[in-house]
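As provided, query-v1.cif (mmCIF, C-alpha atoms) reads as follows.
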data_input
#
loop_
_atom_site.label_atom_id
_atom_site.label_comp_id
_atom_site.auth_asym_id
_atom_site.auth_seq_id
_atom_site.Cartn_x
_atom_site.Cartn_y
_atom_site.Cartn_z
CA MET Z 1 -15.03 -3.65 21.73
CA ILE Z 2 -13.05 -4.37 18.58
CA GLY Z 3 -16.05 -3.29 16.54
CA ALA Z 4 -16.27 0.11 18.23
CA LEU Z 5 -12.53 0.64 17.89
CA THR Z 6 -12.62 -0.36 14.23
CA VAL Z 7 -15.26 2.28 13.56
CA SER Z 8 -13.30 4.91 15.53
CA VAL Z 9 -10.06 4.17 13.71
CA SER Z 10 -11.82 4.25 10.32
CA VAL Z 11 -13.49 7.58 11.02
CA ALA Z 12 -10.25 9.09 12.38
CA ALA Z 13 -8.31 7.79 9.37
CA LEU Z 14 -10.83 9.25 6.93
CA LEU Z 15 -10.77 12.61 8.74
CA LEU Z 16 -6.99 12.60 8.52
CA ALA Z 17 -7.20 11.78 4.80
CA VAL Z 18 -9.63 14.67 4.20
CA TRP Z 19 -7.51 17.07 6.25
CA CYS Z 20 -4.29 16.21 4.43
CA GLY Z 21 -6.13 16.06 1.11
CA TYR Z 22 -7.16 19.66 1.77
CA ALA Z 23 -3.51 20.54 2.43
CA THR Z 24 -2.56 18.82 -0.83
CA ALA Z 25 -5.18 20.81 -2.73
CA ARG Z 26 -3.84 24.03 -1.21
CA ASP Z 27 -0.27 23.09 -2.19
CA GLN Z 28 0.86 22.79 1.44
CA SER Z 29 3.17 20.28 3.11
CA THR Z 30 2.30 18.51 6.36
CA LYS Z 31 2.65 20.71 9.46
CA ASP Z 32 2.99 19.97 13.18
CA TRP Z 33 -0.79 19.86 13.56
CA HIS Z 34 -1.03 17.18 10.91
CA PHE Z 35 1.53 15.11 12.78
CA LEU Z 36 -0.52 15.50 15.95
CA GLY Z 37 -3.48 14.17 13.99
CA MET Z 38 -1.39 11.23 12.78
CA ALA Z 39 -0.37 10.56 16.39
CA VAL Z 40 -4.02 10.45 17.47
CA VAL Z 41 -4.90 8.00 14.69
CA SER Z 42 -1.85 5.88 15.53
CA VAL Z 43 -2.75 5.75 19.24
CA LEU Z 44 -6.24 4.52 18.29
CA ALA Z 45 -4.68 1.87 16.05
CA LEU Z 46 -2.34 0.86 18.89
CA ALA Z 47 -5.32 0.54 21.26
CA GLN Z 48 -6.97 -1.64 18.65
CA LEU Z 49 -3.92 -3.88 18.46
CA VAL Z 50 -3.80 -4.25 22.25
CA VAL Z 51 -7.54 -4.96 22.54
CA GLY Z 52 -7.27 -7.38 19.62
CA ILE Z 53 -4.49 -9.32 21.35
CA VAL Z 54 -6.45 -9.36 24.63
CA GLU Z 55 -9.52 -10.72 22.86
CA LEU Z 56 -7.40 -13.41 21.19
CA ALA Z 57 -5.86 -14.29 24.56
CA GLN Z 58 -9.37 -14.72 25.96
CA GLY Z 59 -9.94 -17.41 23.37
CA ARG Z 60 -11.98 -15.58 20.74
CA LYS Z 61 -11.35 -16.89 17.21
CA PRO Z 62 -11.51 -14.49 14.26
CA VAL Z 63 -13.56 -15.88 11.38
CA GLY Z 64 -10.76 -15.18 8.88
CA GLY Z 65 -7.99 -16.79 10.96
CA THR Z 66 -5.79 -15.60 13.82
CA ALA Z 67 -2.63 -15.03 11.74
CA LEU Z 68 -4.47 -12.90 9.19
CA PHE Z 69 -6.18 -10.94 11.95
CA LEU Z 70 -2.87 -10.18 13.68
CA ALA Z 71 -1.20 -9.26 10.38
CA TYR Z 72 -3.95 -6.74 9.63
CA LEU Z 73 -3.78 -5.31 13.17
CA VAL Z 74 -0.03 -4.73 12.79
CA GLY Z 75 -0.49 -3.35 9.28
CA ALA Z 76 -3.17 -0.96 10.55
CA LEU Z 77 -0.81 0.25 13.27
CA LEU Z 78 2.06 0.86 10.84
CA ALA Z 79 0.13 2.47 7.95
CA VAL Z 80 -0.08 6.04 9.24
CA PRO Z 81 3.36 6.24 10.95
CA ALA Z 82 4.97 4.97 7.74
CA ALA Z 83 3.11 7.60 5.72
CA GLY Z 84 4.13 10.23 8.29
CA PHE Z 85 7.76 9.23 7.95
CA MET Z 86 7.63 9.53 4.16
CA SER Z 87 5.94 12.92 4.42
CA LEU Z 88 8.77 14.12 6.70
CA LEU Z 89 11.14 13.51 3.80
CA GLU Z 90 8.93 15.35 1.33
CA HIS Z 91 8.35 19.00 2.17
CA THR Z 92 5.90 19.65 -0.64
CA ARG Z 93 2.21 19.07 -1.29
CA TRP Z 94 3.16 15.49 -2.15
CA GLY Z 95 4.08 14.89 1.48
CA SER Z 96 0.44 15.68 2.32
CA ALA Z 97 -0.71 13.45 -0.54
CA ILE Z 98 1.22 10.54 0.98
CA VAL Z 99 -0.56 10.97 4.34
CA THR Z 100 -3.89 11.24 2.51
CA ALA Z 101 -3.14 7.91 0.85
CA GLY Z 102 -2.08 6.47 4.23
CA GLY Z 103 -5.40 7.49 5.81
CA LEU Z 104 -7.45 6.00 2.96
CA ILE Z 105 -5.44 2.78 3.07
CA LEU Z 106 -5.95 2.51 6.83
CA ALA Z 107 -9.71 2.92 6.34
CA VAL Z 108 -9.66 0.07 3.80
CA LEU Z 109 -7.59 -2.07 6.20
CA GLU Z 110 -10.22 -1.46 8.88
CA VAL Z 111 -13.00 -2.69 6.62
CA ARG Z 112 -11.01 -5.86 5.92
CA LEU Z 113 -10.21 -6.22 9.61
CA PHE Z 114 -13.91 -6.04 10.41
CA ASP Z 115 -14.61 -8.87 7.93
CA ILE Z 116 -11.74 -11.00 9.23
CA TRP Z 117 -12.95 -10.59 12.83
CA GLY Z 118 -16.39 -11.73 11.76
CA GLY Z 119 -18.58 -8.67 11.41
CA GLY Z 120 -20.70 -7.40 14.26
CA HIS Z 121 -19.75 -9.90 16.96
CA GLY Z 122 -17.88 -7.64 19.24
CA MET G 1 30.50 20.18 -14.59
CA ALA G 2 27.20 22.03 -14.73
CA GLU G 3 25.82 19.24 -16.84
CA GLU G 4 26.85 16.69 -14.27
CA GLN G 5 25.12 18.66 -11.54
CA GLN G 6 22.00 18.89 -13.63
CA GLU G 7 22.12 15.16 -14.16
CA GLN G 8 22.49 14.59 -10.43
CA GLN G 9 19.49 16.76 -9.80
CA GLU G 10 17.41 14.83 -12.31
CA ARG G 11 18.58 11.63 -10.70
CA ARG G 12 17.35 12.70 -7.29
CA LYS G 13 14.03 13.79 -8.65
CA ILE G 14 12.69 10.39 -9.72
CA GLY G 15 12.03 9.48 -6.11
CA GLU G 16 10.90 12.94 -5.03
CA GLY G 17 7.75 15.01 -5.31
CA PRO G 18 5.03 12.87 -6.85
CA GLY G 19 7.71 10.20 -7.12
CA ARG G 20 7.80 9.94 -3.32
CA LEU G 21 4.08 9.09 -3.32
CA LEU G 22 4.83 6.38 -5.90
CA VAL G 23 7.70 5.08 -3.76
CA SER G 24 5.36 4.93 -0.74
CA LEU G 25 2.67 3.07 -2.64
CA TYR G 26 5.14 0.64 -4.18
CA GLY G 27 6.54 0.08 -0.70
CA LEU G 28 3.05 -0.68 0.55
CA PHE G 29 2.38 -3.12 -2.26
CA THR G 30 5.73 -4.85 -1.82
CA VAL G 31 4.83 -5.48 1.82
CA ALA G 32 1.20 -6.35 1.07
CA ALA G 33 1.86 -8.73 -1.83
CA GLY G 34 4.97 -10.13 -0.16
CA SER G 35 3.37 -10.96 3.18
CA ARG G 36 0.25 -12.27 1.47
CA SER G 37 2.20 -14.63 -0.76
CA LEU G 38 4.50 -15.74 2.08
CA TYR G 39 1.50 -16.59 4.24
CA GLN G 40 -0.29 -18.35 1.41
CA LEU G 41 2.77 -20.26 0.20
CA ILE G 42 3.47 -21.53 3.71
CA ALA G 43 -0.04 -22.10 5.04
CA GLN G 44 -2.18 -23.11 2.07
CA PHE G 45 0.03 -23.89 -0.92
CA HIS G 46 -1.96 -26.98 -1.87
CA LYS G 47 -5.15 -24.95 -2.27
CA ALA G 48 -4.15 -22.83 -5.26
CA PRO G 49 -0.47 -23.06 -6.17
CA LEU G 50 -0.80 -21.01 -9.36
CA ALA G 51 -2.53 -18.10 -7.65
CA TYR G 52 0.00 -18.04 -4.83
CA ILE G 53 3.03 -18.24 -7.10
CA LEU G 54 1.56 -15.33 -9.02
CA SER G 55 1.23 -13.38 -5.78
CA ALA G 56 4.90 -14.04 -5.10
CA VAL G 57 5.89 -12.93 -8.61
CA ALA G 58 3.86 -9.75 -8.14
CA ALA G 59 5.66 -9.10 -4.85
CA VAL G 60 9.06 -9.48 -6.53
CA VAL G 61 8.08 -7.09 -9.33
CA TYR G 62 6.87 -4.51 -6.80
CA ALA G 63 10.06 -4.83 -4.77
CA PHE G 64 12.17 -4.41 -7.90
CA ILE G 65 10.34 -1.26 -9.01
CA LEU G 66 10.62 0.10 -5.48
CA VAL G 67 14.40 -0.32 -5.53
CA THR G 68 14.79 1.21 -8.98
CA LEU G 69 12.62 4.19 -8.01
CA VAL G 70 14.72 4.81 -4.90
CA ARG G 71 18.04 4.41 -6.76
CA GLY G 72 16.82 6.64 -9.56
CA SER G 73 19.73 6.46 -12.00
CA GLU G 74 19.04 6.58 -15.72
CA SER G 75 19.49 2.83 -16.15
CA ALA G 76 17.32 2.24 -13.08
CA ARG G 77 14.70 4.49 -14.61
CA ARG G 78 14.69 2.41 -17.82
CA LEU G 79 14.49 -0.81 -15.83
CA ALA G 80 11.62 0.62 -13.80
CA LEU G 81 9.81 1.48 -17.04
CA VAL G 82 10.18 -2.10 -18.29
CA CYS G 83 8.99 -3.48 -14.95
CA CYS G 84 5.99 -1.17 -14.85
CA GLY G 85 5.15 -2.51 -18.33
CA ALA G 86 5.51 -6.08 -17.06
CA GLU G 87 3.38 -5.22 -14.04
CA LEU G 88 0.66 -3.72 -16.22
CA ALA G 89 0.75 -6.77 -18.49
CA GLY G 90 0.52 -9.00 -15.41
CA VAL G 91 -2.50 -7.16 -14.04
CA LEU G 92 -4.25 -7.23 -17.42
CA VAL G 93 -3.52 -10.91 -18.14
CA VAL G 94 -4.33 -12.18 -14.64
CA GLY G 95 -7.31 -9.82 -14.38
CA THR G 96 -8.74 -11.09 -17.66
CA LEU G 97 -8.02 -14.73 -16.76
CA THR G 98 -9.86 -14.39 -13.45
CA VAL G 99 -12.87 -13.04 -15.29
CA VAL G 100 -12.80 -15.56 -18.17
CA VAL G 101 -11.45 -18.79 -16.56
CA ARG G 102 -12.53 -18.45 -12.96
CA SER G 103 -11.78 -22.09 -12.15
CA ALA G 104 -8.03 -21.54 -12.67
CA PHE G 105 -7.99 -19.23 -9.65
CA PRO G 106 -9.74 -20.78 -6.67
CA ASP G 107 -8.23 -18.12 -4.43
CA GLN G 108 -7.52 -14.44 -4.93
CA THR G 109 -4.22 -12.82 -5.85
CA VAL G 110 -3.34 -9.12 -5.77
CA TRP G 111 -3.99 -9.02 -9.51
CA SER G 112 -7.33 -10.85 -9.52
CA TYR G 113 -10.18 -8.91 -11.15
CA TYR G 114 -7.70 -6.20 -12.14
CA GLY G 115 -6.82 -5.56 -8.50
CA MET G 116 -10.40 -4.85 -7.42
CA GLY G 117 -9.71 -5.98 -3.84
CA TYR G 118 -6.98 -3.36 -3.67
CA LEU G 119 -9.01 -0.39 -4.93
CA PHE G 120 -7.71 -1.07 -8.48
CA LEU G 121 -4.39 0.38 -7.33
CA PRO G 122 -2.48 -2.51 -9.00
CA LEU G 123 -3.95 -1.27 -12.30
CA ILE G 124 -3.46 2.46 -11.61
CA LEU G 125 0.09 2.24 -10.21
CA PRO G 126 1.96 0.97 -13.29
CA VAL G 127 0.19 3.51 -15.53
CA THR G 128 0.99 6.48 -13.29
CA GLY G 129 4.45 4.99 -12.78
CA MET G 130 5.16 4.88 -16.51
CA LEU G 131 3.75 8.38 -17.07
CA TRP G 132 5.92 9.70 -14.24
CA LEU G 133 9.06 7.94 -15.46
CA ARG G 134 8.53 9.14 -19.03
CA LYS G 135 7.97 12.69 -17.86
CA ARG G 136 11.22 12.52 -15.90
CA SER G 137 13.18 11.49 -18.97
CA CYS G 138 12.10 14.56 -20.97
CA GLY G 139 12.50 17.05 -18.12
#

Give the structure from the file, written as structure tokens.
Amino acid sequence: MIGALTVSVSVAALLLAVWCGYATARDQSTKDWHFLGMAVVSVLALAQLVVGIVELAQGRKPVGGTALFLAYLVGALLAVPAAGFMSLLEHTRWGSAIVTAGGLILAVLEVRLFDIWGGGHG
Amino acid sequence: MAEEQQEQQERRKIGEGPGRLLVSLYGLFTVAAGSRSLYQLIAQFHKAPLAYILSAVAAVVYAFILVTLVRGSESARRLALVCCGAELAGVLVVGTLTVVVRSAFPDQTVWSYYGMGYLFLPLILPVTGMLWLRKRSCG
């Protein structure tokens, strides 16, 4: 379950990064549609956090340690909203660049999360 | 009066535009390096004290640059330049040490292998930071 969610979040985050990267290249700031996209990615990350906590409650032990796993889950949830907040303050192409960076960073977090959980066991 | 306004505008600009992206990334690294070092210092200090203290130092440097970027006054800008230099030196020294004397670093820090585990951002950030801050001073 975590594995499938990790893949979904990564793909969504990368799509968001490409989308906002395109806006950056076209010298555009983030628009309402972009924020909808960020919301979708954030909801996926929230689902991942909830499922992660449920799996921990059921007694599963992440290979990399429970504390690290939880820290990465929370970090993954906060990455895109934080980027969205910064892009609200910046009404230029650089606001889009910030969300692009946020999406890429979330994708990297997901890869790490996958390793910490212990690869393909779930 | 006009000069003062101009100065105020310049002051605002350090943390805006591309600067806002830098602020975001420095914010990220302050949190990342800070939480990493806190966790390591509390949970596994005995394993690799040097590496973990370095992580903590890195976190402090990132936090300091973050604050100076947000404040954005001329003196803050100069301080940020110095700190970016220190950060770059830190990445280069620690990066080289991890390659040459691997035994000194049984566990990773943010600056190990020139920040490879962090997409080399620890190496890229101070360089772009210094370029940005220098550009601001001329404009």

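Applied to this file, the PyMOL selection byres ((chain G) within 7 of (chain Z)) selects the residues Gly17, Pro18 and Leu21 of chain G.
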
Selection result of the PyMOL selection byres ((chain G and resi 39) around 12) on this file, as an MDAnalysis selection string: (chainID Z and resid 65 67:68 71) or (chainID G and resid 31:38 40:45 52:53 55:56)

Z:Val50, Z:Ala17, Z:Leu44, Z:Leu88 ranked by distance to Leu5 in chain Z, top pick (using only C-alpha atoms): Z:Leu44

Atom pair CA of Val18 in chain Z / CA of Pro126 in chain G: separation (Å):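 Between CA of Val18 in chain Z and CA of Pro126 in chain G the gap works out to 25.1 Å.
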
Interatomic distance, CA of Val57 in chain G to CA of Leu69 in chain G (Å, one decimal): 18.4 Å

For CA of Gly95 in chain G and CA of Tyr113 in chain G, the interatomic separation in Å (one decimal):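 Computing the Euclidean distance for CA of Gly95 in chain G and CA of Tyr113 in chain G yields 4.4 Å.
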
Reference answer for the PyMOL selection byres ((chain Z and resi 7) around 12), as a PyMOL selection string: chain Z and resi 1-6+8-14+41+44-45+48+106-114+119-120+122

All residues 9 Å or closer to Leu49 in chain Z, only C-alpha atoms, same chain fewer than 6 positions away omitted, as a list in words: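 Here the answer would be Leu70, Leu73, Val74, Ala76 and Leu77 of chain Z.
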
Dump of C-alpha atoms for the selected residues, as a compact mmCIF listing (two decimals), in the frame of the given file:
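Result written to out_5.txt:
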# COMPACT_ATOMS: atom_id res chain seq x y z
CA LEU Z 70 -2.87 -10.18 13.68
CA LEU Z 73 -3.78 -5.31 13.17
CA VAL Z 74 -0.03 -4.73 12.79
CA ALA Z 76 -3.17 -0.96 10.55
CA LEU Z 77 -0.81 0.25 13.27

I want to know what sits within 9 Å of Ile14 in chain G, based on only C-alpha atoms, with residues of the same chain fewer than 3 positions away left out; could you give that as a tab-separated table (two decimals) with C-alpha atoms, in the frame of the given file?
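Output below, filename selection.tsv:
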chain	number	residue	atom	x	y	z
G	10	GLU	CA	17.41	14.83	-12.31
G	11	ARG	CA	18.58	11.63	-10.70
G	17	GLY	CA	7.75	15.01	-5.31
G	18	PRO	CA	5.03	12.87	-6.85
G	19	GLY	CA	7.71	10.20	-7.12
G	20	ARG	CA	7.80	9.94	-3.32
G	69	LEU	CA	12.62	4.19	-8.01
G	70	VAL	CA	14.72	4.81	-4.90
G	71	ARG	CA	18.04	4.41	-6.76
G	72	GLY	CA	16.82	6.64	-9.56
G	73	SER	CA	19.73	6.46	-12.00
G	77	ARG	CA	14.70	4.49	-14.61
G	132	TRP	CA	5.92	9.70	-14.24
G	133	LEU	CA	9.06	7.94	-15.46
G	136	ARG	CA	11.22	12.52	-15.90
